[in-house]
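S.K.: Handing you a structure now.
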Amino acid sequence: MFSLKEIASVTLTLFAIIDILGSVPIIIQIRQREGGVNAEKATLVAGILMVSFLFVGQSILSLFGVDFQSFALAGAIIIFLIGMEMILGIELFRHDPAAGTGSIVPLAFPLIVGAGTMTTLLSLRAAYELPNVLAGVLVNLVFVYLVIKSSAWIERKLGKAGEDILRRVFGVILLAIAIKLFKTNF
């Protein structure tokens, strides 16, 4: 039932999609604008959204008459575009950092749990055992919490060059994941 290989694959896939390290500048901006970010609240809301979509996402698709393969292919395109965005340093998907409260919007949604994360969760659920997907989600939520909590320290240690390198490396990983999803569902 539990497979370390599957958990590692799910964890790395979600880690690349969520790109919490690449979001450090936005987290810092939110913290400066609002005087702080509630890491516990942001992580809890993100976790609830991820687990909820993991369980009811397929039902939502059925409600609209969309089969999983079509959704997975759409997800592969989104993941591919996010990867291109990361590698090329362009912005295809706009974020509104001024909307709502920073810990929930835009941090928990859509920064941590956006369209790419939701699409990926359904794709992962189809490819891996549910307990392994849940374990991968939990590992990512712990990492998300730690990054949000220590964003000021990360900012000092990485610097701009380190952040750019990480973003591009995870962009290439996302491109490979998108191609794998496309090949599997086509």
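For the structure tokens, the naming scheme is as follows: chains receive sequential letters (A, B, ...) according to their order of presentation, residues are indexed from 1 within each chain, and ligands are indexed from 1 in presentation order.
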Assign secondary structure with DSSP using the backbone only, and return the residues of region 34-178 of chain A in helix (DSSP H, G or I) as JSON, numbers by chain.

M.R.: {"A": [34, 39, 40, 41, 42, 43, 44, 45, 46, 47, 48, 49, 50, 51, 52, 53, 54, 55, 56, 57, 58, 59, 60, 61, 62, 63, 68, 69, 70, 71, 72, 73, 74, 75, 76, 77, 78, 79, 80, 81, 82, 83, 84, 85, 86, 87, 88, 103, 104, 105, 106, 107, 108, 109, 110, 111, 112, 115, 116, 117, 118, 119, 120, 121, 122, 123, 124, 125, 126, 127, 130, 131, 132, 133, 134, 135, 136, 137, 138, 139, 140, 141, 142, 143, 144, 145, 146, 147, 148, 149, 151, 152, 153, 154, 155, 156, 157, 158, 159, 160, 161, 162, 163, 164, 165, 166, 167, 168, 169, 170, 171, 172, 173, 174, 175, 176, 177, 178]}

S.K.: With only C-alpha atoms as the counted atoms, please give the residues lying no more than 12 Å from Gly36 (chain A), apart from itself and same-chain residues fewer than 6 positions off, as a PyMOL selection string.

M.R.: chain A and resi 27-30+42+101-103+148-152

S.K.: Those same residues - all heavy atoms - I'd like them written as a PDB file, in the first residue's frame.

M.R.:
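Okay, this is what ended up in out00.pdb:
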ATOM      1  N   ILE A  27       5.643  35.970  -0.936  1.00  0.00           N
ATOM      2  CA  ILE A  27       5.415  35.826   0.511  1.00  0.00           C
ATOM      3  C   ILE A  27       6.022  37.013   1.250  1.00  0.00           C
ATOM      4  O   ILE A  27       5.399  37.581   2.148  1.00  0.00           O
ATOM      5  CB  ILE A  27       6.002  34.495   1.027  1.00  0.00           C
ATOM      6  CG1 ILE A  27       5.273  33.311   0.399  1.00  0.00           C
ATOM      7  CG2 ILE A  27       5.926  34.422   2.548  1.00  0.00           C
ATOM      8  CD1 ILE A  27       5.958  31.969   0.610  1.00  0.00           C
ATOM      9  N   ILE A  28       7.205  37.397   0.856  1.00  0.00           N
ATOM     10  CA  ILE A  28       7.878  38.542   1.484  1.00  0.00           C
ATOM     11  C   ILE A  28       7.086  39.823   1.241  1.00  0.00           C
ATOM     12  O   ILE A  28       6.897  40.632   2.154  1.00  0.00           O
ATOM     13  CB  ILE A  28       9.328  38.662   0.969  1.00  0.00           C
ATOM     14  CG1 ILE A  28      10.145  37.466   1.482  1.00  0.00           C
ATOM     15  CG2 ILE A  28       9.959  39.984   1.390  1.00  0.00           C
ATOM     16  CD1 ILE A  28      11.471  37.285   0.796  1.00  0.00           C
ATOM     17  N   GLN A  29       6.589  39.981   0.023  1.00  0.00           N
ATOM     18  CA  GLN A  29       5.794  41.165  -0.305  1.00  0.00           C
ATOM     19  C   GLN A  29       4.512  41.209   0.537  1.00  0.00           C
ATOM     20  O   GLN A  29       4.142  42.270   1.054  1.00  0.00           O
ATOM     21  CB  GLN A  29       5.443  41.151  -1.791  1.00  0.00           C
ATOM     22  CG  GLN A  29       4.607  42.322  -2.241  1.00  0.00           C
ATOM     23  CD  GLN A  29       4.239  42.222  -3.712  1.00  0.00           C
ATOM     24  OE1 GLN A  29       4.552  41.252  -4.388  1.00  0.00           O
ATOM     25  NE2 GLN A  29       3.562  43.239  -4.205  1.00  0.00           N
ATOM     26  N   ILE A  30       3.854  40.074   0.690  1.00  0.00           N
ATOM     27  CA  ILE A  30       2.643  40.015   1.513  1.00  0.00           C
ATOM     28  C   ILE A  30       2.977  40.351   2.962  1.00  0.00           C
ATOM     29  O   ILE A  30       2.262  41.103   3.619  1.00  0.00           O
ATOM     30  CB  ILE A  30       1.974  38.621   1.418  1.00  0.00           C
ATOM     31  CG1 ILE A  30       1.448  38.384   0.002  1.00  0.00           C
ATOM     32  CG2 ILE A  30       0.843  38.483   2.438  1.00  0.00           C
ATOM     33  CD1 ILE A  30       1.048  36.952  -0.270  1.00  0.00           C
ATOM     34  N   ALA A  42      -2.459  29.780   6.453  1.00  0.00           N
ATOM     35  CA  ALA A  42      -2.235  29.550   5.026  1.00  0.00           C
ATOM     36  C   ALA A  42      -2.060  28.059   4.737  1.00  0.00           C
ATOM     37  O   ALA A  42      -2.628  27.530   3.779  1.00  0.00           O
ATOM     38  CB  ALA A  42      -1.012  30.329   4.549  1.00  0.00           C
ATOM     39  N   THR A 101      -7.187  38.913   2.065  1.00  0.00           N
ATOM     40  CA  THR A 101      -6.178  38.799   3.106  1.00  0.00           C
ATOM     41  C   THR A 101      -5.039  37.948   2.592  1.00  0.00           C
ATOM     42  O   THR A 101      -5.252  36.927   1.960  1.00  0.00           O
ATOM     43  CB  THR A 101      -6.782  38.172   4.371  1.00  0.00           C
ATOM     44  OG1 THR A 101      -7.233  36.858   4.053  1.00  0.00           O
ATOM     45  CG2 THR A 101      -7.930  38.992   4.926  1.00  0.00           C
ATOM     46  N   GLY A 102      -3.838  38.345   2.909  1.00  0.00           N
ATOM     47  CA  GLY A 102      -2.652  37.709   2.358  1.00  0.00           C
ATOM     48  C   GLY A 102      -2.465  36.249   2.700  1.00  0.00           C
ATOM     49  O   GLY A 102      -1.957  35.493   1.889  1.00  0.00           O
ATOM     50  N   SER A 103      -2.859  35.817   3.889  1.00  0.00           N
ATOM     51  CA  SER A 103      -2.629  34.424   4.277  1.00  0.00           C
ATOM     52  C   SER A 103      -3.542  33.464   3.521  1.00  0.00           C
ATOM     53  O   SER A 103      -3.179  32.320   3.287  1.00  0.00           O
ATOM     54  CB  SER A 103      -2.841  34.251   5.779  1.00  0.00           C
ATOM     55  OG  SER A 103      -1.862  34.973   6.486  1.00  0.00           O
ATOM     56  N   ILE A 148       7.092  29.244   4.550  1.00  0.00           N
ATOM     57  CA  ILE A 148       6.375  30.474   4.897  1.00  0.00           C
ATOM     58  C   ILE A 148       6.892  31.020   6.223  1.00  0.00           C
ATOM     59  O   ILE A 148       7.152  32.212   6.362  1.00  0.00           O
ATOM     60  CB  ILE A 148       4.849  30.241   4.959  1.00  0.00           C
ATOM     61  CG1 ILE A 148       4.313  29.898   3.574  1.00  0.00           C
ATOM     62  CG2 ILE A 148       4.142  31.476   5.508  1.00  0.00           C
ATOM     63  CD1 ILE A 148       2.867  29.422   3.578  1.00  0.00           C
ATOM     64  N   LYS A 149       7.061  30.123   7.184  1.00  0.00           N
ATOM     65  CA  LYS A 149       7.511  30.535   8.512  1.00  0.00           C
ATOM     66  C   LYS A 149       8.915  31.139   8.486  1.00  0.00           C
ATOM     67  O   LYS A 149       9.222  32.048   9.248  1.00  0.00           O
ATOM     68  CB  LYS A 149       7.465  29.315   9.449  1.00  0.00           C
ATOM     69  CG  LYS A 149       7.459  29.634  10.896  1.00  0.00           C
ATOM     70  CD  LYS A 149       6.117  30.188  11.308  1.00  0.00           C
ATOM     71  CE  LYS A 149       6.030  30.303  12.809  1.00  0.00           C
ATOM     72  NZ  LYS A 149       4.913  31.095  13.230  1.00  0.00           N
ATOM     73  N   SER A 150       9.757  30.641   7.590  1.00  0.00           N
ATOM     74  CA  SER A 150      11.151  31.109   7.555  1.00  0.00           C
ATOM     75  C   SER A 150      11.473  31.908   6.296  1.00  0.00           C
ATOM     76  O   SER A 150      12.621  31.942   5.862  1.00  0.00           O
ATOM     77  CB  SER A 150      12.091  29.915   7.675  1.00  0.00           C
ATOM     78  OG  SER A 150      11.878  29.002   6.622  1.00  0.00           O
ATOM     79  N   SER A 151      10.483  32.570   5.719  1.00  0.00           N
ATOM     80  CA  SER A 151      10.689  33.280   4.450  1.00  0.00           C
ATOM     81  C   SER A 151      11.734  34.394   4.542  1.00  0.00           C
ATOM     82  O   SER A 151      12.478  34.619   3.587  1.00  0.00           O
ATOM     83  CB  SER A 151       9.369  33.821   3.912  1.00  0.00           C
ATOM     84  OG  SER A 151       8.777  34.710   4.836  1.00  0.00           O
ATOM     85  N   ALA A 152      11.811  35.069   5.664  1.00  0.00           N
ATOM     86  CA  ALA A 152      12.816  36.133   5.795  1.00  0.00           C
ATOM     87  C   ALA A 152      14.225  35.555   5.773  1.00  0.00           C
ATOM     88  O   ALA A 152      15.129  36.091   5.107  1.00  0.00           O
ATOM     89  CB  ALA A 152      12.587  36.918   7.083  1.00  0.00           C
TER      90      ALA A 152
END

S.K.: I'd like the neighbourhood of Ala178 (chain A) as a list in words, where a residue qualifies if any of its atoms comes within 10 Å (using only C-alpha atoms), though same-chain residues fewer than 6 positions away should be ignored.

M.R.: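 Everything that qualifies: Ala72, Leu73, Ala74, Gly75, Ala76, Ile77, Ile78, Ile79, Phe80, Leu81, Ile82, Gly83, Thr120, Val172 and Thr184 of chain A.
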
S.K.: What is the distance between CA of Glu163 (chain A) and CA of Leu21 (chain A), in Å to one decimal?

M.R.: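 Separation of CA of Glu163 (chain A) and CA of Leu21 (chain A): 7.4 Å.
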
S.K.: Which of these, A:Pro131, A:Gly159, A:Gly114, A:Gly22, has the shortest distance to Leu49 (chain A) once you count only C-alpha atoms?

M.R.: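 Among the listed residues, the smallest separation from Leu49 (chain A) belongs to A:Gly114.
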
S.K.: Near Glu6 (chain A), within 9 Å and counting only C-alpha atoms, which residues show up once chain neighbours fewer than 2 positions away are dropped, as an NGL selection string?

M.R.: :A and (2-4 or 8-11 or 128-129 or 132-133 or 136)

S.K.: Those residues with N, CA, C and O atoms, as a tab-separated table (two decimals), in the first residue's frame please?

M.R.:
chain	number	residue	atom	x	y	z
A	2	PHE	N	1.65	1.49	1.06
A	2	PHE	CA	2.55	2.63	1.06
A	2	PHE	C	3.80	2.28	0.28
A	2	PHE	O	4.39	1.23	0.49
A	3	SER	N	4.18	3.17	-0.62
A	3	SER	CA	5.37	2.96	-1.44
A	3	SER	C	6.22	4.22	-1.34
A	3	SER	O	5.77	5.31	-1.73
A	4	LEU	N	7.44	4.08	-0.84
A	4	LEU	CA	8.33	5.24	-0.72
A	4	LEU	C	8.62	5.86	-2.09
A	4	LEU	O	8.74	7.08	-2.21
A	8	ALA	N	7.67	9.65	-2.87
A	8	ALA	CA	8.71	10.56	-3.33
A	8	ALA	C	8.33	11.21	-4.65
A	8	ALA	O	8.51	12.41	-4.85
A	9	SER	N	7.75	10.42	-5.57
A	9	SER	CA	7.34	10.96	-6.87
A	9	SER	C	6.23	12.00	-6.71
A	9	SER	O	6.28	13.08	-7.31
A	10	VAL	N	5.23	11.67	-5.89
A	10	VAL	CA	4.13	12.61	-5.63
A	10	VAL	C	4.67	13.88	-4.96
A	10	VAL	O	4.32	15.00	-5.35
A	11	THR	N	5.52	13.69	-3.97
A	11	THR	CA	6.07	14.83	-3.24
A	11	THR	C	6.85	15.75	-4.16
A	11	THR	O	6.65	16.98	-4.14
A	128	TYR	N	-1.28	7.03	-8.94
A	128	TYR	CA	-0.70	6.45	-7.72
A	128	TYR	C	-1.80	6.07	-6.72
A	128	TYR	O	-2.93	6.55	-6.81
A	129	GLU	N	-1.42	5.24	-5.77
A	129	GLU	CA	-2.35	4.84	-4.70
A	129	GLU	C	-2.69	6.06	-3.84
A	129	GLU	O	-1.82	6.88	-3.53
A	132	ASN	N	-0.53	7.10	-0.82
A	132	ASN	CA	0.75	7.69	-1.22
A	132	ASN	C	0.58	9.14	-1.66
A	132	ASN	O	1.43	9.98	-1.39
A	133	VAL	N	-0.54	9.43	-2.33
A	133	VAL	CA	-0.82	10.80	-2.73
A	133	VAL	C	-1.05	11.66	-1.49
A	133	VAL	O	-0.51	12.77	-1.37
A	136	GLY	N	2.21	12.38	0.15
A	136	GLY	CA	2.93	13.40	-0.60
A	136	GLY	C	2.38	14.80	-0.35
A	136	GLY	O	3.12	15.77	-0.25

S.K.: Nearest to Thr119 (chain A) among A:Asn38, A:Ser62, A:Asn140, A:Ser70, with distances taken over only C-alpha atoms: which residue is it?

M.R.: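 Closest to Thr119 (chain A), using only C-alpha atoms: A:Ser70.
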
S.K.: Hey, can you check how far CA of Leu107 (chain A) sits from CA of Leu61 (chain A)?

M.R.: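 Distance between the two atoms: 25.2 Å.
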
S.K.: One decimal, in Å: what's the spacing between CA of Phe15 (chain A) and CA of Val144 (chain A)?

M.R.: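 Separation between CA of Phe15 (chain A) and CA of Val144 (chain A): 8.9 Å.
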